[in-house]
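Colleague: So I've got this file, structure-v3.csv, and it contains CSV, C-alpha atoms:
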chain,number,residue,atom,x,y,z
E,3,MET,CA,-13.4,-37.4,2.7
E,4,LYS,CA,-15.9,-38.2,5.5
E,5,LYS,CA,-19.3,-36.5,5.8
E,6,ALA,CA,-19.1,-33.5,8.2
E,7,THR,CA,-21.8,-31.4,9.7
E,8,LEU,CA,-21.7,-27.9,11.1
E,9,ARG,CA,-24.4,-27.5,13.7
E,10,LEU,CA,-25.1,-24.0,15.0
E,11,SER,CA,-26.6,-23.2,18.4
E,12,ASP,CA,-29.8,-22.1,16.8
E,13,GLY,CA,-30.3,-25.6,15.3
E,14,THR,CA,-29.2,-24.7,11.8
E,15,THR,CA,-27.0,-27.3,10.1
E,16,PHE,CA,-24.7,-27.3,7.1
E,17,GLU,CA,-23.5,-30.4,5.4
E,18,GLY,CA,-20.0,-30.8,3.9
E,19,ARG,CA,-17.0,-33.0,3.7
E,20,SER,CA,-14.1,-33.3,6.0
E,21,PHE,CA,-10.5,-32.5,5.1
E,22,GLY,CA,-7.6,-32.2,7.5
E,23,ALA,CA,-8.0,-34.0,10.8
E,24,ASP,CA,-11.2,-36.0,11.5
E,25,VAL,CA,-11.6,-34.4,14.9
E,26,PRO,CA,-15.0,-33.2,16.2
E,27,VAL,CA,-14.7,-29.8,17.7
E,28,SER,CA,-16.9,-26.9,19.0
E,29,GLY,CA,-16.4,-23.2,19.4
E,30,GLU,CA,-17.6,-19.7,18.3
E,31,VAL,CA,-18.4,-19.6,14.6
E,32,VAL,CA,-17.0,-16.4,12.9
E,33,PHE,CA,-16.3,-15.3,9.3
E,34,ASN,CA,-13.4,-13.5,7.6
E,35,THR,CA,-14.0,-11.8,4.3
E,36,ALA,CA,-10.3,-11.5,3.3
E,37,MET,CA,-9.4,-12.9,-0.1
E,38,MET,CA,-6.1,-14.4,1.0
E,39,GLY,CA,-4.0,-15.0,4.1
E,40,TYR,CA,-5.4,-18.2,5.6
E,41,PRO,CA,-1.9,-19.3,6.9
E,42,GLU,CA,-1.6,-16.0,8.8
E,43,SER,CA,-5.2,-16.2,10.0
E,44,LEU,CA,-5.1,-19.8,11.2
E,45,THR,CA,-1.9,-19.0,13.2
E,46,ASP,CA,-3.2,-15.8,14.7
E,47,PRO,CA,-3.8,-16.5,18.4
E,48,SER,CA,-6.8,-14.1,18.3
E,49,TYR,CA,-8.7,-17.0,16.7
E,50,ALA,CA,-8.3,-19.3,19.7
E,51,GLY,CA,-11.6,-21.0,20.6
E,52,GLN,CA,-13.2,-20.0,17.2
E,53,ILE,CA,-14.3,-21.9,14.1
E,54,LEU,CA,-13.1,-19.8,11.2
E,55,THR,CA,-15.3,-19.4,8.1
E,56,LEU,CA,-13.6,-18.0,5.0
E,57,THR,CA,-16.0,-16.2,2.6
E,58,TYR,CA,-13.6,-16.3,-0.4
E,59,PRO,CA,-14.8,-19.3,-2.3
E,60,LEU,CA,-11.5,-21.1,-3.2
E,61,VAL,CA,-9.1,-22.0,-0.4
E,62,GLY,CA,-5.9,-23.9,-0.5
E,63,ASN,CA,-4.8,-23.1,-4.1
E,64,TYR,CA,-1.5,-21.5,-2.9
E,65,GLY,CA,-0.7,-24.1,-0.3
E,66,VAL,CA,1.1,-23.5,3.0
E,67,PRO,CA,4.6,-22.0,3.4
E,68,ASP,CA,7.5,-23.2,5.5
E,69,CYS,CA,6.3,-23.5,9.1
E,70,SER,CA,9.8,-23.4,10.7
E,71,LEU,CA,11.1,-20.9,13.3
E,72,LEU,CA,13.9,-18.4,13.0
E,73,PRO,CA,16.9,-18.6,15.5
E,74,ASN,CA,15.1,-15.9,17.7
E,75,GLY,CA,12.1,-18.2,18.1
E,76,LEU,CA,9.8,-16.2,15.7
E,77,ALA,CA,8.0,-18.0,12.9
E,78,ARG,CA,9.6,-17.6,9.5
E,79,PHE,CA,6.3,-16.9,7.7
E,80,MET,CA,3.4,-17.6,10.2
E,81,GLU,CA,2.0,-15.5,13.0
E,82,SER,CA,2.7,-18.0,15.8
E,83,GLU,CA,4.2,-21.4,16.3
E,84,ARG,CA,0.9,-23.3,15.6
E,85,ILE,CA,-2.7,-23.2,14.4
E,86,HIS,CA,-5.0,-21.6,17.0
E,87,ALA,CA,-8.4,-21.7,15.3
E,88,ARG,CA,-10.5,-24.7,16.3
E,89,ALA,CA,-11.4,-25.5,12.7
E,90,LEU,CA,-11.6,-24.1,9.2
E,91,ILE,CA,-14.7,-23.8,7.0
E,92,CYS,CA,-14.6,-23.1,3.3
E,93,SER,CA,-16.7,-23.4,0.2
E,94,GLU,CA,-14.3,-25.2,-2.1
E,95,TYR,CA,-11.0,-26.7,-1.0
E,96,SER,CA,-8.1,-27.1,-3.6
E,97,GLY,CA,-6.0,-30.2,-2.9
E,98,GLU,CA,-3.4,-28.9,-5.4
E,99,TYR,CA,-1.4,-25.8,-5.0
E,100,SER,CA,1.0,-23.6,-7.0
E,101,HIS,CA,3.1,-20.9,-5.3
E,102,TRP,CA,6.8,-20.1,-5.0
E,103,ASN,CA,6.6,-20.3,-1.2
E,104,GLY,CA,4.3,-23.4,-0.9
E,105,ARG,CA,5.7,-26.4,0.9
E,106,GLU,CA,2.6,-28.5,1.6
E,107,THR,CA,-1.1,-28.7,1.1
E,108,LEU,CA,-3.5,-27.0,3.5
E,109,ALA,CA,-5.1,-30.4,4.3
E,110,ASP,CA,-1.7,-31.9,5.2
E,111,TRP,CA,-1.0,-29.0,7.5
E,112,LEU,CA,-4.3,-29.3,9.2
E,113,LEU,CA,-3.9,-33.0,9.6
E,114,ARG,CA,-0.4,-32.5,11.1
E,115,GLU,CA,-1.8,-29.9,13.6
E,116,ASP,CA,-4.8,-32.1,14.4
E,117,VAL,CA,-7.3,-29.4,13.2
E,118,PRO,CA,-10.4,-30.3,11.1
E,119,GLY,CA,-11.6,-28.5,8.0
E,120,ILE,CA,-14.9,-28.7,6.2
E,121,THR,CA,-15.4,-28.0,2.5
E,122,GLY,CA,-18.6,-28.0,0.4
E,123,ILE,CA,-20.3,-25.6,2.9
E,124,ASP,CA,-22.5,-22.8,1.5
E,125,THR,CA,-20.4,-20.1,3.1
E,126,ARG,CA,-22.5,-17.3,1.6
E,127,ALA,CA,-25.6,-18.6,3.3
E,128,LEU,CA,-23.7,-19.2,6.6
E,129,THR,CA,-22.2,-15.7,6.5
E,130,MET,CA,-25.6,-14.1,5.8
E,131,LEU,CA,-27.0,-16.0,8.8
E,132,LEU,CA,-24.2,-14.8,11.1
E,133,ARG,CA,-24.6,-11.2,9.8
E,134,GLU,CA,-28.3,-11.4,10.7
E,135,GLN,CA,-28.1,-13.3,13.9
E,136,GLY,CA,-24.6,-12.5,15.1
E,137,VAL,CA,-21.8,-14.8,15.8
E,138,MET,CA,-23.0,-18.0,17.6
E,139,LEU,CA,-21.6,-21.2,19.1
E,140,GLY,CA,-21.4,-24.2,16.9
E,141,SER,CA,-20.0,-27.8,16.6
E,142,ILE,CA,-18.5,-29.8,13.9
E,143,GLU,CA,-19.7,-33.4,13.8
E,144,ILE,CA,-17.7,-35.9,11.6
E,145,GLU,CA,-19.0,-39.2,10.4
E,146,ASP,CA,-18.0,-42.3,12.5
E,147,CYS,CA,-16.4,-40.0,15.1
E,148,PRO,CA,-17.4,-39.4,18.8
E,149,PRO,CA,-19.7,-36.3,19.3
E,150,PRO,CA,-17.9,-33.0,19.9
E,151,PRO,CA,-17.8,-31.3,23.3
E,152,GLN,CA,-20.4,-28.7,24.3
E,153,PRO,CA,-19.4,-25.4,22.7
E,154,GLN,CA,-18.2,-22.7,25.1
E,155,TYR,CA,-16.5,-19.3,24.5
E,156,GLU,CA,-17.7,-16.2,26.3
E,157,ASP,CA,-16.4,-17.0,29.9
E,158,ILE,CA,-13.2,-18.8,29.0
E,159,ASN,CA,-9.9,-16.9,29.5
E,160,PHE,CA,-8.3,-17.7,26.1
E,161,VAL,CA,-5.6,-15.1,26.7
E,162,GLU,CA,-4.2,-17.3,29.5
E,163,GLN,CA,-4.1,-20.2,27.0
E,164,VAL,CA,-2.1,-18.5,24.3
E,165,SER,CA,0.2,-16.1,26.2
E,166,CYS,CA,3.9,-17.0,26.7
E,167,ARG,CA,4.8,-18.6,30.0
E,168,GLU,CA,8.0,-16.8,30.7
E,169,VAL,CA,9.9,-13.6,29.9
E,170,ILE,CA,11.5,-13.6,26.4
E,171,ARG,CA,13.9,-11.0,25.1
E,172,TYR,CA,14.5,-10.0,21.5
E,173,ASN,CA,17.2,-7.6,20.1
E,174,GLU,CA,18.9,-7.3,23.5
E,175,GLY,CA,21.2,-4.3,24.0
E,176,ALA,CA,19.2,-1.9,21.8
E,177,PRO,CA,19.1,1.7,23.1
E,178,LYS,CA,15.4,1.6,24.0
E,179,LYS,CA,13.5,-1.1,25.8
E,180,VAL,CA,9.9,-1.9,25.2
E,181,ILE,CA,7.8,-4.3,27.4
E,182,LEU,CA,5.4,-6.3,25.2
E,183,VAL,CA,2.4,-7.7,27.2
E,184,ASP,CA,1.7,-11.0,25.4
E,185,CYS,CA,-2.1,-11.5,25.3
E,186,GLY,CA,-1.7,-13.6,22.1
E,187,VAL,CA,0.7,-11.5,20.1
E,188,LYS,CA,1.1,-11.9,16.4
E,189,HIS,CA,4.8,-12.5,15.5
E,190,ASN,CA,4.7,-9.7,12.9
E,191,ILE,CA,4.2,-7.2,15.8
E,192,ILE,CA,7.4,-8.3,17.3
E,193,ARG,CA,9.1,-8.2,13.9
E,194,CYS,CA,7.9,-4.6,13.3
E,195,LEU,CA,9.4,-3.6,16.7
E,196,ILE,CA,12.7,-5.3,16.2
E,197,ASN,CA,13.0,-3.8,12.7
E,198,ARG,CA,12.8,-0.4,14.3
E,199,GLY,CA,15.8,-1.0,16.6
E,200,VAL,CA,14.2,-1.5,20.0
E,201,GLU,CA,14.7,-4.3,22.5
E,202,VAL,CA,11.5,-6.2,23.1
E,203,ILE,CA,10.8,-7.7,26.5
E,204,ARG,CA,7.9,-10.1,26.0
E,205,VAL,CA,6.1,-10.9,29.2
E,206,PRO,CA,3.1,-13.1,30.1
E,207,TRP,CA,-0.4,-11.5,30.3
E,208,ASP,CA,-0.5,-11.7,34.1
E,209,TYR,CA,3.1,-10.6,34.7
E,210,ASP,CA,3.7,-7.5,36.8
E,211,PHE,CA,5.7,-5.6,34.1
E,212,ASN,CA,6.0,-2.5,36.4
E,213,THR,CA,8.9,-4.3,38.0
E,214,ILE,CA,11.0,-4.1,34.8
E,215,PRO,CA,12.8,-0.9,33.8
E,216,ALA,CA,11.7,0.1,30.3
E,217,ASP,CA,11.0,3.1,28.1
E,218,GLY,CA,7.7,2.0,26.7
E,219,LEU,CA,4.8,-0.5,27.0
E,220,PHE,CA,3.2,-2.4,24.2
E,221,LEU,CA,-0.2,-4.1,24.6
E,222,SER,CA,-0.7,-6.9,22.1
E,223,ASN,CA,-3.7,-8.4,20.4
E,224,GLY,CA,-5.4,-11.5,21.8
E,225,PRO,CA,-8.5,-13.7,21.8
E,226,GLY,CA,-11.7,-13.8,23.7
E,227,ASN,CA,-13.4,-11.4,26.2
E,228,PRO,CA,-11.1,-8.6,27.4
E,229,ASN,CA,-13.1,-8.6,30.7
E,230,THR,CA,-11.2,-11.8,31.7
E,231,CYS,CA,-8.0,-9.8,31.8
E,232,SER,CA,-8.6,-7.7,34.9
E,233,VAL,CA,-5.2,-8.4,36.3
E,234,THR,CA,-3.6,-7.0,33.2
E,235,VAL,CA,-5.8,-3.9,33.4
E,236,ASN,CA,-4.7,-3.3,37.0
E,237,PHE,CA,-1.0,-3.4,35.9
E,238,ILE,CA,-1.7,-1.0,33.0
E,239,ALA,CA,-3.4,1.4,35.5
E,240,THR,CA,-0.2,1.4,37.6
E,241,TRP,CA,2.0,2.1,34.5
E,242,LEU,CA,-0.2,5.1,33.6
E,243,ARG,CA,0.9,6.7,36.8
E,244,GLU,CA,4.5,6.7,35.5
E,245,HIS,CA,3.5,8.8,32.4
E,246,LYS,CA,5.6,6.6,30.1
E,247,THR,CA,4.8,5.7,26.5
E,248,ILE,CA,2.1,3.2,25.7
E,249,PHE,CA,0.9,1.7,22.4
E,250,GLY,CA,-1.9,-0.9,22.2
E,251,ILE,CA,-3.2,-3.0,19.3
E,252,CYS,CA,-6.6,-4.8,19.0
E,253,MET,CA,-7.2,-6.2,22.5
E,254,GLY,CA,-4.5,-3.8,23.6
E,255,ASN,CA,-6.8,-1.0,22.6
E,256,GLN,CA,-9.6,-2.5,24.8
E,257,LEU,CA,-7.4,-3.1,27.8
E,258,LEU,CA,-5.9,0.4,27.7
E,259,ALA,CA,-9.5,1.8,27.5
E,260,LYS,CA,-10.5,-0.3,30.5
E,261,ALA,CA,-7.5,0.9,32.5
E,262,ALA,CA,-8.5,4.5,31.6
E,263,GLY,CA,-12.1,3.8,32.9
E,264,ALA,CA,-14.0,3.1,29.7
E,265,THR,CA,-16.3,0.1,29.1
E,266,ILE,CA,-16.2,-2.6,26.4
E,267,TYR,CA,-19.1,-4.3,24.5
E,268,LYS,CA,-19.4,-7.2,22.1
E,269,LEU,CA,-20.0,-6.5,18.4
E,270,PRO,CA,-22.8,-8.4,16.6
E,271,TYR,CA,-20.4,-10.3,14.3
E,272,GLY,CA,-17.1,-8.6,14.7
E,273,HIS,CA,-14.6,-7.2,12.2
E,274,ARG,CA,-12.5,-9.8,10.4
E,275,SER,CA,-11.2,-8.7,7.0
E,276,HIS,CA,-8.4,-6.9,5.2
E,277,ASN,CA,-10.6,-4.0,3.9
E,278,GLN,CA,-12.0,-2.2,6.9
E,279,PRO,CA,-12.0,1.6,6.3
E,280,VAL,CA,-11.1,3.7,9.3
E,281,ARG,CA,-10.8,7.5,9.6
E,282,MET,CA,-8.4,9.4,11.8
E,283,VAL,CA,-10.6,11.5,14.0
E,284,GLY,CA,-10.2,15.3,13.3
E,285,THR,CA,-8.9,14.7,9.7
E,286,ASP,CA,-10.1,13.5,6.3
E,287,GLN,CA,-7.5,10.7,6.3
E,288,CYS,CA,-9.0,7.3,5.7
E,289,PHE,CA,-7.0,4.0,5.9
E,290,ILE,CA,-7.8,0.5,4.7
E,291,THR,CA,-7.0,-1.8,7.6
E,292,SER,CA,-6.7,-5.5,8.6
E,293,GLN,CA,-8.9,-6.4,11.5
E,294,ASN,CA,-9.7,-9.4,13.7
E,295,HIS,CA,-11.8,-8.6,16.8
E,296,GLY,CA,-15.2,-9.3,18.3
E,297,TYR,CA,-15.3,-6.6,21.0
E,298,ALA,CA,-15.1,-2.8,20.8
E,299,VAL,CA,-14.6,0.2,23.1
E,300,ASP,CA,-17.6,2.3,24.0
E,301,ALA,CA,-16.1,5.7,23.1
E,302,SER,CA,-18.9,7.5,24.9
E,303,THR,CA,-17.5,6.2,28.2
E,304,LEU,CA,-14.0,7.5,27.7
E,305,PRO,CA,-12.9,10.0,30.5
E,306,HIS,CA,-12.7,13.7,29.5
E,307,ASP,CA,-8.9,13.5,29.1
E,308,TRP,CA,-9.1,10.7,26.5
E,309,GLN,CA,-10.5,10.9,23.0
E,310,PRO,CA,-11.1,8.6,20.0
E,311,LEU,CA,-8.2,8.4,17.6
E,312,PHE,CA,-9.8,6.4,14.8
E,313,VAL,CA,-13.4,5.5,13.9
E,314,ASN,CA,-14.8,2.7,11.7
E,315,MET,CA,-16.4,4.2,8.6
E,316,ASN,CA,-18.7,1.2,8.1
E,317,ASP,CA,-20.5,1.1,11.5
E,318,GLY,CA,-19.1,4.1,13.5
E,319,SER,CA,-17.4,1.9,16.1
E,320,ASN,CA,-14.3,2.9,17.9
E,321,GLU,CA,-11.0,2.0,16.2
E,322,GLY,CA,-8.5,3.6,18.6
E,323,ILE,CA,-8.0,6.0,21.5
E,324,ARG,CA,-5.4,8.5,22.7
E,325,HIS,CA,-4.8,10.7,25.7
E,326,VAL,CA,-5.0,14.4,25.2
E,327,SER,CA,-1.6,15.2,26.7
E,328,GLU,CA,0.3,11.9,27.6
E,329,PRO,CA,2.1,9.6,25.1
E,330,TRP,CA,-0.6,6.9,25.2
E,331,PHE,CA,-2.5,5.7,22.2
E,332,SER,CA,-3.9,2.5,20.6
E,333,ALA,CA,-5.5,1.1,17.5
E,334,GLN,CA,-8.3,-1.5,17.3
E,335,PHE,CA,-7.1,-2.6,13.9
E,336,HIS,CA,-3.8,-4.3,13.0
E,337,PRO,CA,-1.1,-1.9,11.7
E,338,GLU,CA,1.4,-4.7,11.4
E,339,ALA,CA,-1.0,-6.3,8.9
E,340,CYS,CA,0.3,-9.7,7.8
E,341,SER,CA,-1.2,-10.7,5.5
E,342,GLY,CA,-2.0,-7.1,4.6
E,343,PRO,CA,-2.6,-4.2,3.9
E,344,VAL,CA,0.3,-2.2,5.4
E,345,ASP,CA,-1.3,1.3,5.1
E,346,THR,CA,-1.0,2.0,8.9
E,347,GLU,CA,2.4,0.5,9.7
E,348,PHE,CA,3.6,4.1,10.4
E,349,LEU,CA,2.0,3.8,13.8
E,350,PHE,CA,5.0,1.8,14.9
E,351,ASP,CA,7.2,4.7,13.8
E,352,ASP,CA,5.1,7.1,15.9
E,353,PHE,CA,5.5,4.8,18.9
E,354,VAL,CA,9.3,4.5,18.6
E,355,LYS,CA,9.6,8.3,18.1
E,356,LEU,CA,7.7,8.8,21.4
E,357,LEU,CA,10.3,6.6,23.2
E,358,TYR,CA,12.9,9.2,22.3
E,359,ARG,CA,10.9,12.3,23.3
Rewrite the structure from the file as structure tokens, please.

Modeller:
Amino acid sequence: MKKATLRLSDGTTFEGRSFGADVPVSGEVVFNTAMMGYPESLTDPSYAGQILTLTYPLVGNYGVPDCSLLPNGLARFMESERIHARALICSEYSGEYSHWNGRETLADWLLREDVPGITGIDTRALTMLLREQGVMLGSIEIEDCPPPPQPQYEDINFVEQVSCREVIRYNEGAPKKVILVDCGVKHNIIRCLINRGVEVIRVPWDYDFNTIPADGLFLSNGPGNPNTCSVTVNFIATWLREHKTIFGICMGNQLLAKAAGATIYKLPYGHRSHNQPVRMVGTDQCFITSQNHGYAVDASTLPHDWQPLFVNMNDGSNEGIRHVSEPWFSAQFHPEACSGPVDTEFLFDDFVKLLYR
């Protein structure tokens, strides 16, 4: 295991050891406080361009499941076809695993996907720094390897990099058709829709979906700055004039808000965990949610005919919006969960019911 160094843009360095691929990389350094779910997180396209720090101290002890695809093209257990995070940082890596579903070690998987990992990092100190200073750019330097590229993140259109390139259909012939705008969709979102008996028409992020006859529009999660997706926002604004059903998740929440006329801002260090409490506005109902985002909707900029649907109980940030009379709503969190919890999966049921209204 070679010596590896994490160098942050403020000059702070953390020394560790390399596991996985010995490939120097750079990106935006973020942290996730979930206790499990590293296969799902690493394959979540929302982590494109980011160096993922796991705060849970022991990583790799349950290995990596089967990475194969089902006949319909969806991953059997993962959230996409490949790893999207630039690198993985952990405190202690376990080279041995024990799990009924394990097929290989985390290091072997990272090596096969050409993704570096660092172990031996003081992830508590790193997380405290990111909580105080906010997420920042960083680079991973590996002993006897060329220097990494200069880190970039904010102005790159990562959605373009992770979106599908052509129209893909699932569950063809179902009575209701849903257009899914792929901004970096997690595969469990598609699974949740298929399991509810709808046809899913998955289109690229910049595809004019208004040309496709359908009963509803689904706006997926995705990486990076939502302000790079102005073409998608314009297509959503056109769809709004048809008064047909819309449901958005994560970046989909932000894109829907922008199409409605609201503004977006960047959170200091984002929400990345499995235990974010959100309250449904106007009720005493609180849900524990899975989240992965670095931007949020400024609820104070919503037009008068839109209102917040959920609010984060930790920092008061917006967690979803809805229109007061039209069948349009969204969630900033991930109701499809994977790797958990599943408290809010009922939102998919609400969406499908609106298709039959």

Colleague: Using all atoms listed in the file, determine which residues lie at most 8 Å from segment 192-199 of chain E, disregarding the query and same-chain residues fewer than 5 positions distant; provide the list as a list in words.

Modeller: Tyr172, Asn173, Ala176, Pro177, Lys178, Val187, Glu338, Phe350, Asp351 and Val354 of chain E

Colleague: May I have the residues within 10 Å of Leu108 of chain E as a list in words, using all atoms listed in the file and disregarding those fewer than 4 positions away in the same chain?

Modeller: Phe21, Gly22, Tyr40, Pro41, Val61, Gly62, Asn63, Tyr64, Gly65, Val66, Pro67, Tyr95, Ser96, Gly97, Glu98, Tyr99, Gly104, Leu112, Leu113, Arg114 and Gly119 of chain E

Colleague: Keeping C-alpha atoms for every residue in the selection just given, could you write it to a file as a tab-separated table (two decimals), keeping the file's coordinate frame?

Modeller:
chain	number	residue	atom	x	y	z
E	21	PHE	CA	-10.50	-32.50	5.10
E	22	GLY	CA	-7.60	-32.20	7.50
E	40	TYR	CA	-5.40	-18.20	5.60
E	41	PRO	CA	-1.90	-19.30	6.90
E	61	VAL	CA	-9.10	-22.00	-0.40
E	62	GLY	CA	-5.90	-23.90	-0.50
E	63	ASN	CA	-4.80	-23.10	-4.10
E	64	TYR	CA	-1.50	-21.50	-2.90
E	65	GLY	CA	-0.70	-24.10	-0.30
E	66	VAL	CA	1.10	-23.50	3.00
E	67	PRO	CA	4.60	-22.00	3.40
E	95	TYR	CA	-11.00	-26.70	-1.00
E	96	SER	CA	-8.10	-27.10	-3.60
E	97	GLY	CA	-6.00	-30.20	-2.90
E	98	GLU	CA	-3.40	-28.90	-5.40
E	99	TYR	CA	-1.40	-25.80	-5.00
E	104	GLY	CA	4.30	-23.40	-0.90
E	112	LEU	CA	-4.30	-29.30	9.20
E	113	LEU	CA	-3.90	-33.00	9.60
E	114	ARG	CA	-0.40	-32.50	11.10
E	119	GLY	CA	-11.60	-28.50	8.00

Colleague: So that I can check the surroundings of Val25 of chain E, please list as a PDB file with C-alpha atoms, keeping the file's coordinate frame every protein, DNA and RNA residue that reaches within 9 Å of it, counting all atoms listed in the file and ignoring chain neighbours fewer than 3 positions away.

Modeller:
ATOM      1  CA  GLY E  22      -7.600 -32.200   7.500  1.00  0.00           C
ATOM      2  CA  ASP E 116      -4.800 -32.100  14.400  1.00  0.00           C
ATOM      3  CA  VAL E 117      -7.300 -29.400  13.200  1.00  0.00           C
ATOM      4  CA  PRO E 118     -10.400 -30.300  11.100  1.00  0.00           C
ATOM      5  CA  ILE E 142     -18.500 -29.800  13.900  1.00  0.00           C
ATOM      6  CA  GLU E 143     -19.700 -33.400  13.800  1.00  0.00           C
ATOM      7  CA  ILE E 144     -17.700 -35.900  11.600  1.00  0.00           C
ATOM      8  CA  CYS E 147     -16.400 -40.000  15.100  1.00  0.00           C
ATOM      9  CA  PRO E 148     -17.400 -39.400  18.800  1.00  0.00           C
ATOM     10  CA  PRO E 150     -17.900 -33.000  19.900  1.00  0.00           C
TER      11      PRO E 150
END

Colleague: Just want the 6 Å neighbourhood of Ala261 of chain E, counted on all atoms listed in the file, with same-chain residues fewer than 2 positions away dropped. Output as a PyMOL selection string.

Modeller: chain E and resi 235+239+258-259+263

Colleague: Using all atoms listed in the file, which residue out of E:Asn223, E:Ile123, E:Tyr155, E:Trp308 lies closest to Leu182 of chain E?

Modeller: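 Closest to Leu182 of chain E, using all atoms listed in the file: E:Asn223.
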
Colleague: Please provide as number ranges by chain all residues within 6 Å of Arg274 of chain E, with the sequence filter that same-chain residues fewer than 5 positions apart are discarded (counting all atoms listed in the file).

Modeller: E: 34, 293-294

Colleague: So which one's closest to Tyr271 of chain E, E:Arg324, E:His86, E:Lys4, E:Arg133? Using only C-alpha atoms, please.

Modeller: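 Smallest separation from Tyr271 of chain E among the options: E:Arg133.
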
Colleague: Measuring atom to atom with only C-alpha atoms, identify which of E:Ile91, E:Leu10, E:Ala50, E:Leu132 is nearest to Ile120 of chain E.

Modeller: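 Among the listed residues, E:Ile91 lies closest to Ile120 of chain E.
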
Colleague: In Å, rounded to a single decimal, give me how far atom CA of His336 of chain E is from atom CA of Asn227 of chain E.

Modeller: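 Answer for the atom CA of Asn227 of chain E to atom CA of His336 of chain E separation: 17.8 Å.
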
Colleague: I need the residue nearest His189 of chain E from this list: E:Glu145, E:Glu83, E:Asp124, E:Glu244. Use only C-alpha atoms for the distance.

Modeller: E:Glu83

Colleague: Counting all atoms listed in the file, which residue out of E:Leu56, E:Ser48, E:Arg243, E:Cys69 sits closest to Val161 of chain E?

Modeller: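 Smallest distance to Val161 of chain E is found for E:Ser48.
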
Colleague: Hey, which of E:Pro26, E:Gly186, E:Pro228, E:Pro73 ends up closest to Arg9 of chain E? Count only C-alpha atoms.

Modeller: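 Of the candidates, the smallest distance to Arg9 of chain E is held by E:Pro26.
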
Colleague: So the first atom is atom CA of Leu72 of chain E and the second is atom CA of Glu106 of chain E; what is the distance between them in Å, to one decimal place?

Modeller: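 Taking atom CA of Leu72 of chain E as the start and atom CA of Glu106 of chain E as the end point, the length is 19.0 Å.
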
Colleague: Enter the distance from atom CA of Ile323 of chain E to atom CA of Phe335 of chain E, in Å, rounded to one decimal.

Modeller: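 Going from atom CA of Ile323 of chain E over to atom CA of Phe335 of chain E covers 11.5 Å.
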
Colleague: (0.2, -4.1, 29.5) in this file's frame - what residues fall within 7 Å of it? Use only C-alpha atoms and give the answer as a list in words.

Modeller: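 With a cut-off of 7 Å, the residues come to Val183, Leu219, Phe220, Leu221, Thr234, Phe237 and Ile238 of chain E.
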
Colleague: Kindly complete segment 23-32 of chain E to N, CA, C and O atoms; the output should be written as a PDB file, keeping the file's coordinate frame.

Modeller:
ATOM      1  N   ALA E  23      -7.822 -33.008   9.742  1.00  0.00           N
ATOM      2  CA  ALA E  23      -8.000 -34.000  10.800  1.00  0.00           C
ATOM      3  C   ALA E  23      -9.447 -34.314  11.033  1.00  0.00           C
ATOM      4  O   ALA E  23     -10.272 -33.398  11.094  1.00  0.00           O
ATOM      5  N   ASP E  24      -9.774 -35.572  11.192  1.00  0.00           N
ATOM      6  CA  ASP E  24     -11.200 -36.000  11.500  1.00  0.00           C
ATOM      7  C   ASP E  24     -11.360 -35.889  13.014  1.00  0.00           C
ATOM      8  O   ASP E  24     -11.452 -36.903  13.718  1.00  0.00           O
ATOM      9  N   VAL E  25     -11.427 -34.656  13.509  1.00  0.00           N
ATOM     10  CA  VAL E  25     -11.600 -34.400  14.900  1.00  0.00           C
ATOM     11  C   VAL E  25     -12.788 -33.535  15.187  1.00  0.00           C
ATOM     12  O   VAL E  25     -12.823 -32.383  14.756  1.00  0.00           O
ATOM     13  N   PRO E  26     -13.819 -34.053  15.843  1.00  0.00           N
ATOM     14  CA  PRO E  26     -15.000 -33.200  16.200  1.00  0.00           C
ATOM     15  C   PRO E  26     -14.614 -32.119  17.138  1.00  0.00           C
ATOM     16  O   PRO E  26     -13.925 -32.369  18.133  1.00  0.00           O
ATOM     17  N   VAL E  27     -15.046 -30.898  16.876  1.00  0.00           N
ATOM     18  CA  VAL E  27     -14.700 -29.800  17.700  1.00  0.00           C
ATOM     19  C   VAL E  27     -15.925 -28.856  17.889  1.00  0.00           C
ATOM     20  O   VAL E  27     -16.941 -29.016  17.204  1.00  0.00           O
ATOM     21  N   SER E  28     -15.812 -27.894  18.795  1.00  0.00           N
ATOM     22  CA  SER E  28     -16.900 -26.900  19.000  1.00  0.00           C
ATOM     23  C   SER E  28     -16.203 -25.565  19.305  1.00  0.00           C
ATOM     24  O   SER E  28     -15.031 -25.502  19.696  1.00  0.00           O
ATOM     25  N   GLY E  29     -16.953 -24.478  19.128  1.00  0.00           N
ATOM     26  CA  GLY E  29     -16.400 -23.200  19.400  1.00  0.00           C
ATOM     27  C   GLY E  29     -17.358 -22.078  18.905  1.00  0.00           C
ATOM     28  O   GLY E  29     -18.514 -22.346  18.559  1.00  0.00           O
ATOM     29  N   GLU E  30     -16.868 -20.852  18.863  1.00  0.00           N
ATOM     30  CA  GLU E  30     -17.600 -19.700  18.300  1.00  0.00           C
ATOM     31  C   GLU E  30     -17.399 -19.629  16.838  1.00  0.00           C
ATOM     32  O   GLU E  30     -16.253 -19.548  16.394  1.00  0.00           O
ATOM     33  N   VAL E  31     -18.474 -19.617  16.059  1.00  0.00           N
ATOM     34  CA  VAL E  31     -18.400 -19.600  14.600  1.00  0.00           C
ATOM     35  C   VAL E  31     -18.316 -18.146  14.122  1.00  0.00           C
ATOM     36  O   VAL E  31     -19.223 -17.353  14.392  1.00  0.00           O
ATOM     37  N   VAL E  32     -17.226 -17.790  13.425  1.00  0.00           N
ATOM     38  CA  VAL E  32     -17.000 -16.400  12.900  1.00  0.00           C
ATOM     39  C   VAL E  32     -16.651 -16.519  11.443  1.00  0.00           C
ATOM     40  O   VAL E  32     -16.318 -17.582  10.923  1.00  0.00           O
TER      41      VAL E  32
END
